[in-house]
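Have a look at the structure below before the remarks.
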Amino acid sequence: MNQPDSISQLREAVAQSPGNVPLRHALADALLAAGRHGEAEAEYRAALALSPDNPGLKLGLARAFQQQGKRSHTLVVLEDLVKLQSAPARAHVLYARLLASMGEVEQAVLQYKKGVSKDPDAADPEFALKMGIRPEPEEDEEEGDLDDIFPGGDLAEVEDGRARAHGGDGGVAPDDAVIERPRITFADVGGMDALKEEIQVKIVHPITHADLYKAYGKAAGGGILLYGPPGCGKTHLARATAGEIKAGFISVGIHDVLEMWIGNSERNLHQLFQQARRNAPCVLFFDEVDALGASRADMKTSGGRHLINQFLNELDGVQSSNEGVLVLGATNAPWHLDSAFRRPGRFDRILFVPPPDAAARAAILRILLSGKPQEDLDFNGIAAKTEGFSGADLKAVVDQSIEGKLREALRSGAPQPLRSKDLLHAASRLKPTTREWFATARNYALYSNQGGAYDDILRYLKL
């Protein structure tokens, strides 16, 4: 039976039994396979109207959107789908490809691995090779086999430049972190003009005007600490900084450094700095840096103090030059960071990242809604009604508005554009998540601010 005949017969069957979800699903899959993506989308929508929670149908709709180049539509469906335990493995793999195309390499790798762990048949070897994802070792692999793979002492360099520790302390250092190449720049960051200017002077200009800075004996490199309430764009700003100078970007979390074995955490930290030095110019971004650099006065064990000392030595470039290594740290709790990190030459610029003001909120909304179906949106009016909302809060407003429109479209079979009332309705159901942070920050700014580090918080609160 050729494909057109199959589709015709499925259409006849659906006409006879319009409420039969498996039949509609089969028809939609056949249309998609035949390259009739618009018709497939219509059939997936019709089937979802009958079975709104069917993960297979959601995946099919996402694939139909993807084939038509509707990236924002694909993203909305997949973001919702991958949160479900019942999400098909191929949904995670498709989401990984989409994230990779947006420059979100780390998240793409995590989603791909999650999908393949659910179902090895969902693997995409070509994509895995492109992303540098290695197959997981067999569980029954014996330690002797590792000696054959990584011969030659405690630390063996393998062909692609990655290093693994293999010694008697029981610890195994992680492979080199993924180096992202962010495509976003400051143009993709709404508002934050003062912060961008500070970063331009400290990080961007020494790279783009290297000769001028060298004439004054100013090397490219150094550290900036970003602090403020969660969700206000610290990580996004760090990625945009790397994109602005076309540099590599290494995002470092607690799990990338901390290990239970004595000395391993310090070695992991050293390897991350070494990787950044080898790939300079490179932005080394430490999220929740206070977890790695907490005040030594509060520590009861020597292990944490040794790690902080190692961190300080790496920032100082005691053993290796840090020229071209741009260190950005982000924290929601700067008062927990050891004061030694604020010494000149380390995190010598400490920048407060406040919630976006009205103009910045309007700019963020324009960026978030770019490419999405919309009609006569009053961005300034919406911004005025979202006082105190963080960038993450605004994304939640947009996501809830889109989810509402998708539910309407799945019921009616016809998508409708987003309007101001949709966003205002979503905003009225949410509260700014920054309020709790400011309640804590206010106390530190009023009573533990001898050096004036938190004056920006006082100015923001008009105290």
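FYI, nothing fancy with the structure tokens labels: chains A, B, ... in order, residues from 1 per chain, ligands from 1 as they appear.
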message: Show me, as a list in words, the residues that have an atom within 12 Å of A:Trp335 when counting only C-alpha atoms, minus same-chain residues fewer than 5 positions from it.
response: Tyr227, Gly228, Val289, Asp290, Ala291, Gly293, Ala294, Ser295, Asp298, Phe341, Arg342, Thr440, Ala441, Arg442, Asn443, Tyr444, Ala445, Tyr447, Ser448, Asn449, Gly451, Ala453 and Tyr454 of chain A
Residues as selected, N, CA and C atoms, written as a PDB file, in the first residue's frame, can you do that?
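Generated file (selection-v7.pdb):
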```pdb
ATOM      1  N   TYR A 227      25.632  40.403  42.152  1.00  0.00           N
ATOM      2  CA  TYR A 227      24.757  39.943  43.235  1.00  0.00           C
ATOM      3  C   TYR A 227      23.413  40.627  43.127  1.00  0.00           C
ATOM      4  N   GLY A 228      22.422  39.977  43.685  1.00  0.00           N
ATOM      5  CA  GLY A 228      21.072  40.521  43.658  1.00  0.00           C
ATOM      6  C   GLY A 228      20.054  39.416  43.811  1.00  0.00           C
ATOM      7  N   VAL A 289      28.445  31.398  43.760  1.00  0.00           N
ATOM      8  CA  VAL A 289      29.854  31.354  44.139  1.00  0.00           C
ATOM      9  C   VAL A 289      30.032  31.333  45.652  1.00  0.00           C
ATOM     10  N   ASP A 290      29.045  31.815  46.396  1.00  0.00           N
ATOM     11  CA  ASP A 290      29.156  31.795  47.859  1.00  0.00           C
ATOM     12  C   ASP A 290      29.228  30.379  48.411  1.00  0.00           C
ATOM     13  N   ALA A 291      28.704  29.386  47.660  1.00  0.00           N
ATOM     14  CA  ALA A 291      28.779  27.990  48.105  1.00  0.00           C
ATOM     15  C   ALA A 291      30.215  27.460  48.058  1.00  0.00           C
ATOM     16  N   GLY A 293      32.899  29.753  48.080  1.00  0.00           N
ATOM     17  CA  GLY A 293      33.761  30.727  48.757  1.00  0.00           C
ATOM     18  C   GLY A 293      33.144  31.291  50.010  1.00  0.00           C
ATOM     19  N   ALA A 294      32.485  30.430  50.798  1.00  0.00           N
ATOM     20  CA  ALA A 294      31.849  30.895  52.032  1.00  0.00           C
ATOM     21  C   ALA A 294      32.897  31.401  53.015  1.00  0.00           C
ATOM     22  N   SER A 295      32.464  32.228  53.943  1.00  0.00           N
ATOM     23  CA  SER A 295      33.390  32.817  54.912  1.00  0.00           C
ATOM     24  C   SER A 295      34.124  31.734  55.693  1.00  0.00           C
ATOM     25  N   ASP A 298      33.320  30.932  59.401  1.00  0.00           N
ATOM     26  CA  ASP A 298      32.147  30.127  59.737  1.00  0.00           C
ATOM     27  C   ASP A 298      32.397  28.630  59.579  1.00  0.00           C
ATOM     28  N   PHE A 341      37.701  37.578  48.951  1.00  0.00           N
ATOM     29  CA  PHE A 341      37.389  37.570  47.525  1.00  0.00           C
ATOM     30  C   PHE A 341      37.198  38.986  46.974  1.00  0.00           C
ATOM     31  N   ARG A 342      36.965  39.942  47.858  1.00  0.00           N
ATOM     32  CA  ARG A 342      36.678  41.302  47.393  1.00  0.00           C
ATOM     33  C   ARG A 342      37.934  42.157  47.271  1.00  0.00           C
ATOM     34  N   THR A 440      15.491  40.163  53.433  1.00  0.00           N
ATOM     35  CA  THR A 440      16.755  39.752  54.054  1.00  0.00           C
ATOM     36  C   THR A 440      17.852  40.764  53.764  1.00  0.00           C
ATOM     37  N   ALA A 441      17.969  41.185  52.505  1.00  0.00           N
ATOM     38  CA  ALA A 441      19.039  42.100  52.103  1.00  0.00           C
ATOM     39  C   ALA A 441      18.958  43.426  52.856  1.00  0.00           C
ATOM     40  N   ARG A 442      17.740  43.865  53.142  1.00  0.00           N
ATOM     41  CA  ARG A 442      17.549  45.146  53.832  1.00  0.00           C
ATOM     42  C   ARG A 442      18.255  45.138  55.184  1.00  0.00           C
ATOM     43  N   ASN A 443      18.165  44.014  55.910  1.00  0.00           N
ATOM     44  CA  ASN A 443      18.797  43.935  57.226  1.00  0.00           C
ATOM     45  C   ASN A 443      20.317  44.013  57.123  1.00  0.00           C
ATOM     46  N   TYR A 444      20.887  43.304  56.145  1.00  0.00           N
ATOM     47  CA  TYR A 444      22.342  43.363  55.969  1.00  0.00           C
ATOM     48  C   TYR A 444      22.777  44.757  55.545  1.00  0.00           C
ATOM     49  N   ALA A 445      22.000  45.396  54.659  1.00  0.00           N
ATOM     50  CA  ALA A 445      22.370  46.718  54.181  1.00  0.00           C
ATOM     51  C   ALA A 445      22.296  47.769  55.292  1.00  0.00           C
ATOM     52  N   TYR A 447      22.470  47.025  58.777  1.00  0.00           N
ATOM     53  CA  TYR A 447      23.187  46.731  60.026  1.00  0.00           C
ATOM     54  C   TYR A 447      24.547  46.046  59.827  1.00  0.00           C
ATOM     55  N   SER A 448      24.890  45.633  58.610  1.00  0.00           N
ATOM     56  CA  SER A 448      26.191  44.987  58.388  1.00  0.00           C
ATOM     57  C   SER A 448      26.834  45.561  57.129  1.00  0.00           C
ATOM     58  N   ASN A 449      26.915  46.877  57.094  1.00  0.00           N
ATOM     59  CA  ASN A 449      27.349  47.545  55.863  1.00  0.00           C
ATOM     60  C   ASN A 449      28.451  48.564  56.153  1.00  0.00           C
ATOM     61  N   GLY A 451      31.529  48.740  55.316  1.00  0.00           N
ATOM     62  CA  GLY A 451      32.369  49.145  54.186  1.00  0.00           C
ATOM     63  C   GLY A 451      31.590  49.753  53.038  1.00  0.00           C
ATOM     64  N   ALA A 453      29.446  48.211  51.129  1.00  0.00           N
ATOM     65  CA  ALA A 453      29.284  47.265  50.014  1.00  0.00           C
ATOM     66  C   ALA A 453      27.836  47.185  49.528  1.00  0.00           C
ATOM     67  N   TYR A 454      26.893  47.457  50.451  1.00  0.00           N
ATOM     68  CA  TYR A 454      25.485  47.283  50.092  1.00  0.00           C
ATOM     69  C   TYR A 454      24.746  48.612  49.950  1.00  0.00           C
TER      70      TYR A 454
END
```
Quick one: which stretch 69-142 of chain A residues come within 10 Å of stretch 396-409 of chain A, and what is the nearest atom pair for each with the distance in Å to one decimal, counting only C-alpha atoms, rows ordered by chain and ascending number, as JSON lines?
```
{"residue": "A:His73", "atom": "CA", "partner": "A:Ile402", "partner_atom": "CA", "distance": 9.3}
{"residue": "A:Val76", "atom": "CA", "partner": "A:Asp399", "partner_atom": "CA", "distance": 7.7}
{"residue": "A:Val77", "atom": "CA", "partner": "A:Glu403", "partner_atom": "CA", "distance": 8.9}
{"residue": "A:Glu79", "atom": "CA", "partner": "A:Asp399", "partner_atom": "CA", "distance": 9.8}
{"residue": "A:Asp80", "atom": "CA", "partner": "A:Glu403", "partner_atom": "CA", "distance": 9.0}
```
Take the residues that were just selected and, keeping N, CA and C atoms, output them as an mmCIF file, in the first residue's frame.
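What ended up in selection34.cif:
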```
data_model
loop_
_atom_site.group_PDB
_atom_site.id
_atom_site.type_symbol
_atom_site.label_atom_id
_atom_site.label_comp_id
_atom_site.auth_asym_id
_atom_site.auth_seq_id
_atom_site.Cartn_x
_atom_site.Cartn_y
_atom_site.Cartn_z
ATOM 1 N N HIS A 73 6.991 27.996 19.013
ATOM 2 C CA HIS A 73 5.901 27.061 19.296
ATOM 3 C C HIS A 73 6.464 25.717 19.773
ATOM 4 N N VAL A 76 7.718 25.970 23.416
ATOM 5 C CA VAL A 76 6.648 26.004 24.428
ATOM 6 C C VAL A 76 6.124 24.597 24.707
ATOM 7 N N VAL A 77 5.881 23.825 23.644
ATOM 8 C CA VAL A 77 5.344 22.469 23.825
ATOM 9 C C VAL A 77 6.361 21.581 24.531
ATOM 10 N N GLU A 79 9.017 22.428 26.445
ATOM 11 C CA GLU A 79 9.291 22.838 27.823
ATOM 12 C C GLU A 79 8.251 22.259 28.772
ATOM 13 N N ASP A 80 7.014 22.237 28.332
ATOM 14 C CA ASP A 80 5.940 21.673 29.146
ATOM 15 C C ASP A 80 6.028 20.144 29.189
#
```
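Nearest to A:Lys196 of all the residues A:Lys218, A:Arg278, A:Gln67, A:Val353 is A:Val353, based on only C-alpha atoms.
Distance check against A:Asp121 using only C-alpha atoms: of A:Val201, A:Ala89, A:Leu461, A:Val327, the minimum falls on A:Ala89.
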- request: Check stretch 307-381 of chain A with DSSP on the backbone and list each residue it calls strand (DSSP E or B), as an MDAnalysis selection string.
  value: chainID A and resid 325:331 337 347:352 374
message: Can you pull out the residues contacting stretch 183-193 of chain A? Cut-off 10 Å, using only C-alpha atoms, and skip same-chain residues under 2 positions away; I want them as JSON, numbers by chain.
response: {"A": [101, 102, 103, 104, 180, 181, 195, 196, 197, 198, 199, 200, 232, 233, 236, 237, 238, 239, 240, 241, 242, 243, 244, 245, 246, 353, 354, 355, 356, 357, 358, 359, 360, 361, 362, 363, 364, 365, 366, 367, 368, 391]}
Can those selected residues be exported to a file as an mmCIF file, in the first residue's frame so that it contains C-alpha atoms?
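That gives us result-v2.cif:
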```cif
data_model
loop_
_atom_site.group_PDB
_atom_site.id
_atom_site.type_symbol
_atom_site.label_atom_id
_atom_site.label_comp_id
_atom_site.auth_asym_id
_atom_site.auth_seq_id
_atom_site.Cartn_x
_atom_site.Cartn_y
_atom_site.Cartn_z
ATOM 1 C CA SER A 101 20.620 25.601 18.359
ATOM 2 C CA MET A 102 19.986 28.392 20.896
ATOM 3 C CA GLY A 103 23.493 28.108 22.381
ATOM 4 C CA GLU A 104 22.301 26.421 25.607
ATOM 5 C CA GLU A 180 29.891 26.997 25.234
ATOM 6 C CA ARG A 181 30.014 29.566 22.454
ATOM 7 C CA LEU A 195 25.831 47.102 34.405
ATOM 8 C CA LYS A 196 26.663 46.609 30.733
ATOM 9 C CA GLU A 197 28.818 49.743 30.791
ATOM 10 C CA GLU A 198 30.767 48.478 33.829
ATOM 11 C CA ILE A 199 31.353 45.129 32.159
ATOM 12 C CA GLN A 200 32.355 46.843 28.915
ATOM 13 C CA CYS A 232 17.150 39.009 37.575
ATOM 14 C CA GLY A 233 19.449 37.931 34.764
ATOM 15 C CA HIS A 236 22.012 35.603 31.205
ATOM 16 C CA LEU A 237 24.251 38.678 31.517
ATOM 17 C CA ALA A 238 27.327 36.468 32.008
ATOM 18 C CA ARG A 239 26.540 34.482 28.844
ATOM 19 C CA ALA A 240 25.921 37.693 26.918
ATOM 20 C CA THR A 241 29.333 38.952 28.065
ATOM 21 C CA ALA A 242 30.986 35.914 26.491
ATOM 22 C CA GLY A 243 28.934 36.386 23.341
ATOM 23 C CA GLU A 244 29.850 40.078 23.168
ATOM 24 C CA ILE A 245 33.567 39.257 22.853
ATOM 25 C CA LYS A 246 33.062 35.930 21.025
ATOM 26 C CA VAL A 353 21.791 43.428 39.697
ATOM 27 C CA PRO A 354 18.393 44.819 40.730
ATOM 28 C CA PRO A 355 15.007 43.852 39.378
ATOM 29 C CA PRO A 356 14.486 45.546 36.003
ATOM 30 C CA ASP A 357 12.950 49.002 35.972
ATOM 31 C CA ALA A 358 9.874 49.824 33.850
ATOM 32 C CA ALA A 359 11.876 50.512 30.670
ATOM 33 C CA ALA A 360 13.895 47.338 31.143
ATOM 34 C CA ARG A 361 10.745 45.290 31.844
ATOM 35 C CA ALA A 362 9.261 46.540 28.563
ATOM 36 C CA ALA A 363 12.503 45.631 26.760
ATOM 37 C CA ILE A 364 12.550 42.170 28.344
ATOM 38 C CA LEU A 365 8.936 41.565 27.345
ATOM 39 C CA ARG A 366 9.740 42.575 23.752
ATOM 40 C CA ILE A 367 12.610 40.069 23.683
ATOM 41 C CA LEU A 368 10.555 37.286 25.294
ATOM 42 C CA GLY A 391 13.250 38.735 34.483
#
```
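For stretch 309-313 of chain A, the non-local neighbours within 8 Å, defined as residues at least 4 positions apart in the same chain or in other chains and counting only C-alpha atoms, are Glu266, Leu269, His270, Gly293, Arg305, Gly317, Val318, Ala340, Phe341 and Arg346 of chain A.
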- request: Would you mind listing what lies within 9 Å of A:Leu10 as a PyMOL selection string, with only C-alpha atoms counted and same-chain residues fewer than 4 positions away left out?
  value: chain A and resi 5-6+14-15+23-24+26-27+30
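In this comparison, which uses only C-alpha atoms, the residue of A:Ala87, A:Leu258, A:Arg36, A:Pro230 approaching A:Ala64 most closely is A:Arg36.
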message: For stretch 44-56 of chain A, find every residue with an atom within 6 Å (counting only C-alpha atoms), except residues of its own chain fewer than 4 positions away, and show them as a PyMOL selection string.
response: chain A and resi 21+24+28+61+87+410-411
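The gap separating atom CA of A:Lys130 from atom CA of A:Gly115 is 16.7 Å, in Å to one decimal.
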message: Which of stretch 254-326 of chain A end up as alpha helix (DSSP H) when DSSP is run on this backbone - answer as a ChimeraX atom specification?
response: /A:254-257,264-278,302-316
Put those residues in a file: C-alpha atoms, as a compact mmCIF listing (two decimals), in the first residue's frame.
```
# COMPACT_ATOMS: atom_id res chain seq x y z
CA ILE A 254 28.90 23.33 42.93
CA HIS A 255 28.73 19.77 41.57
CA ASP A 256 31.56 20.53 39.10
CA VAL A 257 33.98 21.21 41.96
CA ASN A 264 39.97 16.44 44.79
CA SER A 265 37.87 19.60 45.04
CA GLU A 266 41.00 21.77 44.86
CA ARG A 267 42.26 19.78 41.87
CA ASN A 268 38.90 20.10 40.08
CA LEU A 269 38.96 23.86 40.60
CA HIS A 270 42.54 24.07 39.28
CA GLN A 271 41.61 22.05 36.19
CA LEU A 272 38.70 24.40 35.42
CA PHE A 273 40.98 27.44 35.59
CA GLN A 274 43.59 25.64 33.47
CA GLN A 275 40.98 24.83 30.84
CA ALA A 276 39.92 28.49 30.75
CA ARG A 277 43.57 29.55 30.39
CA ARG A 278 44.12 27.13 27.50
CA SER A 302 39.86 22.56 57.24
CA GLY A 303 38.70 21.09 53.90
CA GLY A 304 36.52 24.08 53.09
CA ARG A 305 39.29 26.52 54.04
CA HIS A 306 41.76 24.71 51.76
CA LEU A 307 39.31 25.01 48.85
CA ILE A 308 38.90 28.75 49.44
CA ASN A 309 42.67 29.22 49.60
CA GLN A 310 42.96 27.35 46.30
CA PHE A 311 40.24 29.55 44.79
CA LEU A 312 42.06 32.70 45.91
CA ASN A 313 45.37 31.42 44.50
CA GLU A 314 43.73 30.70 41.14
CA LEU A 315 42.19 34.19 41.03
CA ASP A 316 45.60 35.69 41.82
```
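Of the residues listed (A:Gly35, A:Glu43, A:Asp211, A:Val82), A:Gly35 shows the shortest atom-to-atom separation from A:Gln66; distances use only C-alpha atoms.
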